[in-house]
>>> print(open('input_31.cif').read())   # mmCIF, C-alpha atoms
data_my_file
loop_
_atom_site.label_atom_id
_atom_site.label_comp_id
_atom_site.auth_asym_id
_atom_site.auth_seq_id
_atom_site.Cartn_x
_atom_site.Cartn_y
_atom_site.Cartn_z
CA MET A 233 12.13 -1.96 9.83
CA THR A 234 10.68 -5.44 9.29
CA ASP A 235 7.44 -4.53 11.05
CA PHE A 236 7.18 -1.21 9.18
CA CYS A 237 7.62 -2.89 5.78
CA ALA A 238 5.09 -5.60 6.64
CA ARG A 239 2.55 -2.95 7.64
CA VAL A 240 3.20 -0.90 4.47
CA GLY A 241 2.75 -4.07 2.41
CA ARG A 242 -0.63 -4.71 4.06
CA LEU A 243 -1.71 -1.10 3.45
CA VAL A 244 -0.80 -1.41 -0.23
CA ASP A 245 -2.67 -4.73 -0.53
CA GLU A 246 -5.80 -3.73 1.39
CA ASN A 247 -6.49 -0.12 0.37
CA PRO A 248 -7.18 1.91 -2.75
CA GLU A 249 -3.96 3.38 -4.09
CA GLU A 250 -5.06 6.99 -3.48
CA ALA A 251 -5.44 6.25 0.27
CA VAL A 252 -2.02 4.63 0.73
CA PRO A 253 0.33 7.68 0.90
CA ALA A 254 -1.42 9.30 3.88
CA GLN A 255 -1.72 5.94 5.67
CA VAL A 256 2.00 5.23 5.17
CA ALA A 257 2.81 8.72 6.51
CA GLU A 258 0.87 7.85 9.68
CA LEU A 259 3.17 4.84 10.23
CA MET A 260 6.39 6.77 9.70
CA PRO A 261 6.92 8.62 13.03
CA ALA A 262 7.72 5.36 14.86
CA LEU A 263 10.31 4.47 12.22
CA LEU A 264 11.76 8.01 12.25
CA ALA A 265 12.21 7.78 16.04
CA ASP A 266 14.47 4.70 15.80
CA PRO A 267 18.09 5.94 16.11
CA THR A 268 19.42 2.62 14.76
CA PHE A 269 17.22 2.53 11.66
CA LEU A 270 19.85 3.76 9.18
CA SER A 271 23.46 2.68 8.76
CA PRO A 272 26.24 5.29 8.63
CA GLU A 273 26.50 4.62 4.87
CA GLN A 274 22.79 5.39 4.41
CA MET A 275 23.33 8.73 6.17
CA SER A 276 26.40 9.72 4.17
CA ALA A 277 26.26 12.98 2.24
CA PRO A 278 27.60 13.19 -1.31
CA ALA A 279 30.24 15.66 -2.45
CA LYS A 280 27.72 17.23 -4.83
CA GLY A 281 23.91 17.18 -5.03
CA TYR A 282 21.86 15.01 -2.72
CA ALA A 283 22.14 11.24 -2.15
CA ARG A 284 19.42 8.61 -2.48
CA HIS A 285 20.26 5.41 -0.58
CA GLU A 286 18.11 2.29 -0.98
CA VAL A 287 16.92 1.05 2.40
CA PHE A 288 14.34 -1.52 1.29
CA LEU A 289 13.03 -2.79 -2.05
CA CYS A 290 9.85 -4.82 -1.67
CA PRO A 291 10.44 -8.22 -3.32
CA GLU A 292 6.94 -8.03 -4.84
CA ASP A 293 7.69 -4.54 -6.29
CA ARG A 294 4.92 -2.90 -4.22
CA PHE A 295 7.05 -0.13 -2.65
CA THR A 296 10.55 1.21 -2.01
CA VAL A 297 12.07 2.87 1.06
CA LEU A 298 14.87 5.37 0.44
CA ALA A 299 17.03 7.54 2.70
CA VAL A 300 17.70 10.90 1.07
CA VAL A 301 20.65 12.90 2.39
CA TRP A 302 20.41 16.66 1.84
CA PRO A 303 23.69 18.58 2.27
CA ALA A 304 23.37 22.10 3.67
CA GLY A 305 21.50 24.41 1.31
CA ILE A 306 20.78 21.82 -1.40
CA THR A 307 17.51 22.08 -3.37
CA SER A 308 15.70 19.50 -5.51
CA PRO A 309 14.13 20.42 -8.82
CA ILE A 310 10.41 21.21 -8.77
CA HIS A 311 8.80 17.93 -9.79
CA ASP A 312 5.81 15.63 -9.69
CA HIS A 313 5.79 11.86 -9.25
CA ASN A 314 4.96 8.75 -11.26
CA THR A 315 3.76 6.82 -8.19
CA TRP A 316 2.54 7.60 -4.69
CA CYS A 317 4.92 9.11 -2.13
CA ALA A 318 5.16 9.48 1.65
CA PHE A 319 8.14 11.07 3.39
CA GLY A 320 9.42 12.02 6.83
CA VAL A 321 12.43 13.66 8.44
CA TYR A 322 14.93 11.43 10.21
CA ASP A 323 17.57 14.06 10.99
CA GLY A 324 17.65 17.85 10.61
CA VAL A 325 15.09 19.93 8.72
CA VAL A 326 13.75 19.56 5.19
CA ALA A 327 11.63 22.36 3.75
CA GLU A 328 9.00 21.53 1.17
CA THR A 329 7.35 23.94 -1.24
CA ARG A 330 4.12 22.74 -2.86
CA TYR A 331 3.13 24.05 -6.27
CA ARG A 332 0.19 24.13 -8.63
CA PRO A 333 0.58 23.84 -12.38
CA VAL A 334 0.10 26.87 -14.61
CA ALA A 335 -0.12 27.12 -18.38
CA ALA A 336 3.16 26.02 -19.91
CA ALA A 337 5.03 28.48 -22.06
CA GLY A 338 7.71 26.73 -24.03
CA ASP A 339 8.99 23.21 -23.73
CA ARG A 340 8.84 22.80 -19.93
CA PRO A 341 5.71 22.89 -17.74
CA SER A 342 5.45 25.71 -15.21
CA ALA A 343 4.22 25.80 -11.63
CA GLU A 344 3.64 28.49 -9.04
CA PRO A 345 4.23 28.08 -5.30
CA VAL A 346 1.20 27.71 -3.04
CA SER A 347 2.67 26.73 0.34
CA VAL A 348 5.92 26.16 2.20
CA ARG A 349 6.48 23.96 5.22
CA ALA A 350 9.60 23.13 7.20
CA TRP A 351 9.42 19.46 8.23
CA THR A 352 11.39 18.58 11.37
CA VAL A 353 12.60 15.34 12.94
CA GLY A 354 9.78 12.83 13.40
CA GLU A 355 7.29 14.60 11.15
CA ALA A 356 5.88 12.83 8.10
CA GLY A 357 3.65 13.78 5.21
CA ALA A 358 2.37 12.51 1.91
CA LEU A 359 1.68 13.77 -1.56
CA PRO A 360 -1.69 13.03 -3.11
CA LEU A 361 -1.57 10.71 -6.06
CA GLY A 362 -1.96 12.64 -9.31
CA SER A 363 -3.10 16.25 -9.18
CA GLY A 364 -1.49 18.22 -6.36
CA ASP A 365 1.73 16.24 -6.14
CA ILE A 366 4.06 18.95 -7.47
CA HIS A 367 6.71 19.95 -4.96
CA GLY A 368 10.34 20.83 -4.39
CA MET A 369 12.39 20.08 -1.30
CA HIS A 370 15.46 21.70 0.17
CA ASN A 371 17.65 21.81 3.23
CA PRO A 372 17.49 25.34 4.66
CA THR A 373 20.10 24.64 7.36
CA ASP A 374 23.87 24.74 7.56
CA ARG A 375 24.28 20.97 8.13
CA ALA A 376 23.14 17.80 6.37
CA SER A 377 19.57 16.57 6.85
CA VAL A 378 18.14 13.10 6.19
CA SER A 379 14.63 12.25 5.05
CA ILE A 380 12.97 8.89 4.48
CA HIS A 381 10.84 8.45 1.35
CA VAL A 382 8.45 5.58 0.67
CA TYR A 383 7.41 5.29 -2.98
CA GLY A 384 4.98 3.01 -4.75
CA GLY A 385 6.71 0.41 -6.91
CA ASN A 386 10.31 -0.71 -7.19
CA ILE A 387 12.49 2.32 -7.81
CA ALA A 388 15.39 0.09 -8.90
CA LYS A 389 13.21 -1.05 -11.83
CA ILE A 390 11.22 2.09 -12.64
CA GLY A 391 13.93 4.68 -11.96
CA PRO A 392 13.63 7.90 -9.98
CA ASN A 393 10.05 8.63 -9.05
CA VAL A 394 9.95 11.88 -11.03
CA GLY A 395 7.28 12.42 -13.66
CA ARG A 396 7.98 15.95 -14.88
CA VAL A 397 10.32 18.75 -13.86
CA TYR A 398 8.74 22.22 -13.69
CA LYS A 399 9.91 25.77 -14.07
CA GLU A 400 8.85 28.04 -11.20
CA VAL A 401 6.85 31.14 -12.01
CA GLU A 402 5.77 33.94 -9.72
CA PRO A 403 2.28 33.51 -8.29
CA ALA A 404 -0.42 35.54 -9.98
CA LEU A 405 -1.61 38.50 -7.94
CA ALA A 406 -5.16 38.10 -6.69
#
>>> encode(input="input_31.cif", output="structure tokens")
Amino acid sequence: MTDFCARVGRLVDENPEEAVPAQVAELMPALLADPTFLSPEQMSAPAKGYARHEVFLCPEDRFTVLAVVWPAGITSPIHDHNTWCAFGVYDGVVAETRYRPVAAAGDRPSAEPVSVRAWTVGEAGALPLGSGDIHGMHNPTDRASVSIHVYGGNIAKIGPNVGRVYKEVEPALA
């Protein structure tokens, strides 16, 4: 973990912000392969919803590492992010649906699905900063799954890395 965080810190310091998420995702498979990386507490599932456990908060507020525990069948809201994001699967399967925004009708923005991917143990990905970072995640299995998320900034200070929550609409027929 120490080496991973040092390398992420260097990436943040030495690269344009829009390049960082994909570069962090490239570092993640080695971390995801370490069976001793998380404590039992950081892998514990909540009674309701999903759990976000702090693993590392950069003392210079450059990034945060979280373990997210997804009980069987749980789904996140469709959302975008305030800062950059990279993620990978530590245990189980986490499915991700990516969305594109559509004209909002009412008080909540809307988005339509454009792709779905089931991420498995050891796989990592990233969301582009800004446009294109709308997604929802869920656990499609019958047991808990664990994913690791690396976010720009200090989540303890800025709060959950969610910009807006979207309403899903059916894709337009071509």
>>> resolve_selection(input="input_31.cif", expression="the PyMOL selection byres ((chain A and resi 339-342) around 10)", output="list in words")
Ile310, His311, Tyr331, Arg332, Pro333, Val334, Ala335, Ala336, Ala337, Gly338, Ala343, Glu344, Arg396, Val397, Tyr398, Lys399, Glu400, Val401 and Glu402 of chain A
>>> write_last_selection(input="input_31.cif", atoms="C-alpha atoms", output="PDB file, keeping the file's coordinate frame")
ATOM      1  CA  ILE A 310      10.410  21.210  -8.770  1.00  0.00           C
ATOM      2  CA  HIS A 311       8.800  17.930  -9.790  1.00  0.00           C
ATOM      3  CA  TYR A 331       3.130  24.050  -6.270  1.00  0.00           C
ATOM      4  CA  ARG A 332       0.190  24.130  -8.630  1.00  0.00           C
ATOM      5  CA  PRO A 333       0.580  23.840 -12.380  1.00  0.00           C
ATOM      6  CA  VAL A 334       0.100  26.870 -14.610  1.00  0.00           C
ATOM      7  CA  ALA A 335      -0.120  27.120 -18.380  1.00  0.00           C
ATOM      8  CA  ALA A 336       3.160  26.020 -19.910  1.00  0.00           C
ATOM      9  CA  ALA A 337       5.030  28.480 -22.060  1.00  0.00           C
ATOM     10  CA  GLY A 338       7.710  26.730 -24.030  1.00  0.00           C
ATOM     11  CA  ALA A 343       4.220  25.800 -11.630  1.00  0.00           C
ATOM     12  CA  GLU A 344       3.640  28.490  -9.040  1.00  0.00           C
ATOM     13  CA  ARG A 396       7.980  15.950 -14.880  1.00  0.00           C
ATOM     14  CA  VAL A 397      10.320  18.750 -13.860  1.00  0.00           C
ATOM     15  CA  TYR A 398       8.740  22.220 -13.690  1.00  0.00           C
ATOM     16  CA  LYS A 399       9.910  25.770 -14.070  1.00  0.00           C
ATOM     17  CA  GLU A 400       8.850  28.040 -11.200  1.00  0.00           C
ATOM     18  CA  VAL A 401       6.850  31.140 -12.010  1.00  0.00           C
ATOM     19  CA  GLU A 402       5.770  33.940  -9.720  1.00  0.00           C
TER      20      GLU A 402
END
>>> resolve_selection(input="input_31.cif", expression="the PyMOL selection byres ((chain A and resi 374-390) around 6)", output="list in words")
Asp293, Arg294, Phe295, Thr296, Val297, Leu298, Ala299, Val300, Val301, Trp302, Pro303, Ala304, Thr315, Trp316, Cys317, Ala318, Phe319, Gly320, Val321, Tyr322, Asp323, Gly324, Val325, Thr373 and Gly391 of chain A
>>> closest_residue(input="input_31.cif", among="A:Pro261, A:Pro267, A:Pro248, A:Pro253", to="A:Phe236", atoms="all atoms listed in the file")
A:Pro261
>>> atom_distance(input="input_31.cif", atom1="atom CA of A:Met369", atom2="atom CA of A:Pro309")
7.7 Å
>>> atom_distance(input="input_31.cif", atom1="atom CA of A:Ser308", atom2="atom CA of A:Glu273")
21.1 Å
>>> atom_distance(input="input_31.cif", atom1="atom CA of A:Gly368", atom2="atom CA of A:Asp312")
8.7 Å
>>> axis_aligned_box(input="input_31.cif", around="stretch 341-350 of chain A", padding_each_side="6 Å", output="lines of an AutoDock Vina configuration file")
center_x = 5.4
center_y = 25.7
center_z = -5.3
size_x = 20.4
size_y = 17.6
size_z = 36.9
>>> closest_residue(input="input_31.cif", among="A:Asn314, A:Ile306, A:Arg239, A:Ser363", to="A:Val252", atoms="only C-alpha atoms")
A:Arg239
>>> decode(input="input_31.cif", residues="stretch 373-389 of chain A", atoms="all heavy atoms", output="tab-separated table (two decimals), in the first residue's frame")
chain	number	residue	atom	x	y	z
A	373	THR	N	-24.26	-10.32	-8.25
A	373	THR	CA	-24.11	-11.68	-7.73
A	373	THR	C	-24.93	-11.91	-6.47
A	373	THR	O	-25.58	-10.99	-5.97
A	373	THR	CB	-22.62	-11.99	-7.44
A	373	THR	OG1	-22.22	-11.28	-6.26
A	373	THR	CG2	-21.73	-11.60	-8.62
A	374	ASP	N	-24.82	-13.11	-5.93
A	374	ASP	CA	-25.55	-13.45	-4.72
A	374	ASP	C	-24.67	-13.42	-3.47
A	374	ASP	O	-25.02	-13.95	-2.43
A	374	ASP	CB	-26.23	-14.82	-4.86
A	374	ASP	CG	-25.24	-15.95	-5.12
A	374	ASP	OD1	-24.01	-15.68	-5.19
A	374	ASP	OD2	-25.69	-17.10	-5.25
A	375	ARG	N	-23.51	-12.79	-3.56
A	375	ARG	CA	-22.63	-12.61	-2.39
A	375	ARG	C	-21.98	-11.24	-2.46
A	375	ARG	O	-21.97	-10.60	-3.51
A	375	ARG	CB	-21.58	-13.71	-2.31
A	375	ARG	CG	-20.54	-13.68	-3.42
A	375	ARG	CD	-19.50	-14.78	-3.19
A	375	ARG	NE	-18.31	-14.60	-4.00
A	375	ARG	CZ	-17.26	-13.87	-3.65
A	375	ARG	NH1	-17.23	-13.23	-2.51
A	375	ARG	NH2	-16.21	-13.77	-4.44
A	376	ALA	N	-21.42	-10.79	-1.36
A	376	ALA	CA	-20.80	-9.46	-1.31
A	376	ALA	C	-19.60	-9.38	-2.25
A	376	ALA	O	-18.89	-10.37	-2.47
A	376	ALA	CB	-20.37	-9.13	0.11
A	377	SER	N	-19.40	-8.19	-2.82
A	377	SER	CA	-18.23	-7.89	-3.64
A	377	SER	C	-17.54	-6.67	-3.04
A	377	SER	O	-18.17	-5.87	-2.34
A	377	SER	CB	-18.65	-7.57	-5.09
A	377	SER	OG	-19.21	-8.71	-5.70
A	378	VAL	N	-16.25	-6.52	-3.34
A	378	VAL	CA	-15.47	-5.40	-2.81
A	378	VAL	C	-14.72	-4.74	-3.96
A	378	VAL	O	-14.04	-5.41	-4.74
A	378	VAL	CB	-14.47	-5.85	-1.73
A	378	VAL	CG1	-13.67	-4.67	-1.19
A	378	VAL	CG2	-15.18	-6.59	-0.60
A	379	SER	N	-14.86	-3.42	-4.05
A	379	SER	CA	-14.10	-2.67	-5.04
A	379	SER	C	-13.25	-1.62	-4.33
A	379	SER	O	-13.57	-1.18	-3.22
A	379	SER	CB	-15.02	-2.02	-6.07
A	379	SER	OG	-15.97	-1.19	-5.45
A	380	ILE	N	-12.16	-1.24	-4.98
A	380	ILE	CA	-11.28	-0.20	-4.47
A	380	ILE	C	-11.45	1.01	-5.38
A	380	ILE	O	-11.40	0.89	-6.61
A	380	ILE	CB	-9.80	-0.67	-4.49
A	380	ILE	CG1	-9.64	-1.97	-3.70
A	380	ILE	CG2	-8.88	0.44	-3.97
A	380	ILE	CD1	-10.06	-1.90	-2.25
A	381	HIS	N	-11.64	2.18	-4.76
A	381	HIS	CA	-11.83	3.42	-5.50
A	381	HIS	C	-10.76	4.41	-5.08
A	381	HIS	O	-10.51	4.58	-3.88
A	381	HIS	CB	-13.22	4.01	-5.23
A	381	HIS	CG	-14.31	3.11	-5.68
A	381	HIS	ND1	-15.16	3.43	-6.70
A	381	HIS	CD2	-14.67	1.86	-5.27
A	381	HIS	CE1	-16.01	2.44	-6.89
A	381	HIS	NE2	-15.72	1.47	-6.04
A	382	VAL	N	-10.13	5.04	-6.05
A	382	VAL	CA	-9.15	6.09	-5.78
A	382	VAL	C	-9.73	7.37	-6.38
A	382	VAL	O	-10.03	7.43	-7.57
A	382	VAL	CB	-7.78	5.77	-6.40
A	382	VAL	CG1	-6.76	6.85	-6.02
A	382	VAL	CG2	-7.29	4.39	-5.96
A	383	TYR	N	-9.93	8.37	-5.52
A	383	TYR	CA	-10.53	9.64	-5.92
A	383	TYR	C	-9.54	10.77	-5.74
A	383	TYR	O	-8.75	10.76	-4.80
A	383	TYR	CB	-11.76	9.96	-5.06
A	383	TYR	CG	-12.91	9.01	-5.19
A	383	TYR	CD1	-13.38	8.31	-4.10
A	383	TYR	CD2	-13.54	8.82	-6.42
A	383	TYR	CE1	-14.46	7.45	-4.21
A	383	TYR	CE2	-14.63	7.96	-6.53
A	383	TYR	CZ	-15.08	7.28	-5.42
A	383	TYR	OH	-16.14	6.43	-5.54
A	384	GLY	N	-9.64	11.77	-6.59
A	384	GLY	CA	-8.87	12.99	-6.39
A	384	GLY	C	-9.37	13.72	-5.17
A	384	GLY	O	-10.56	13.75	-4.89
A	385	GLY	N	-8.45	14.29	-4.39
A	385	GLY	CA	-8.82	15.07	-3.21
A	385	GLY	C	-9.00	14.22	-1.97
A	385	GLY	O	-8.82	13.01	-1.98
A	386	ASN	N	-9.35	14.89	-0.89
A	386	ASN	CA	-9.55	14.25	0.40
A	386	ASN	C	-11.05	14.12	0.63
A	386	ASN	O	-11.73	15.10	0.92
A	386	ASN	CB	-8.90	15.09	1.50
A	386	ASN	CG	-9.03	14.47	2.87
A	386	ASN	OD1	-10.01	13.80	3.17
A	386	ASN	ND2	-8.04	14.71	3.71
A	387	ILE	N	-11.56	12.92	0.50
A	387	ILE	CA	-12.99	12.67	0.62
A	387	ILE	C	-13.51	13.00	2.02
A	387	ILE	O	-14.66	13.39	2.19
A	387	ILE	CB	-13.31	11.20	0.23
A	387	ILE	CG1	-12.92	10.95	-1.24
A	387	ILE	CG2	-14.77	10.85	0.47
A	387	ILE	CD1	-13.58	11.86	-2.25
A	388	ALA	N	-12.65	12.88	3.03
A	388	ALA	CA	-13.08	13.23	4.39
A	388	ALA	C	-13.41	14.73	4.48
A	388	ALA	O	-14.25	15.13	5.27
A	388	ALA	CB	-12.00	12.87	5.40
A	389	LYS	N	-12.76	15.55	3.65
A	389	LYS	CA	-12.99	16.99	3.67
A	389	LYS	C	-14.05	17.43	2.66
A	389	LYS	O	-14.83	18.33	2.93
A	389	LYS	CB	-11.69	17.75	3.41
A	389	LYS	CG	-10.70	17.63	4.53
A	389	LYS	CD	-9.44	18.42	4.23
A	389	LYS	CE	-8.45	18.30	5.38
A	389	LYS	NZ	-7.20	19.01	5.09
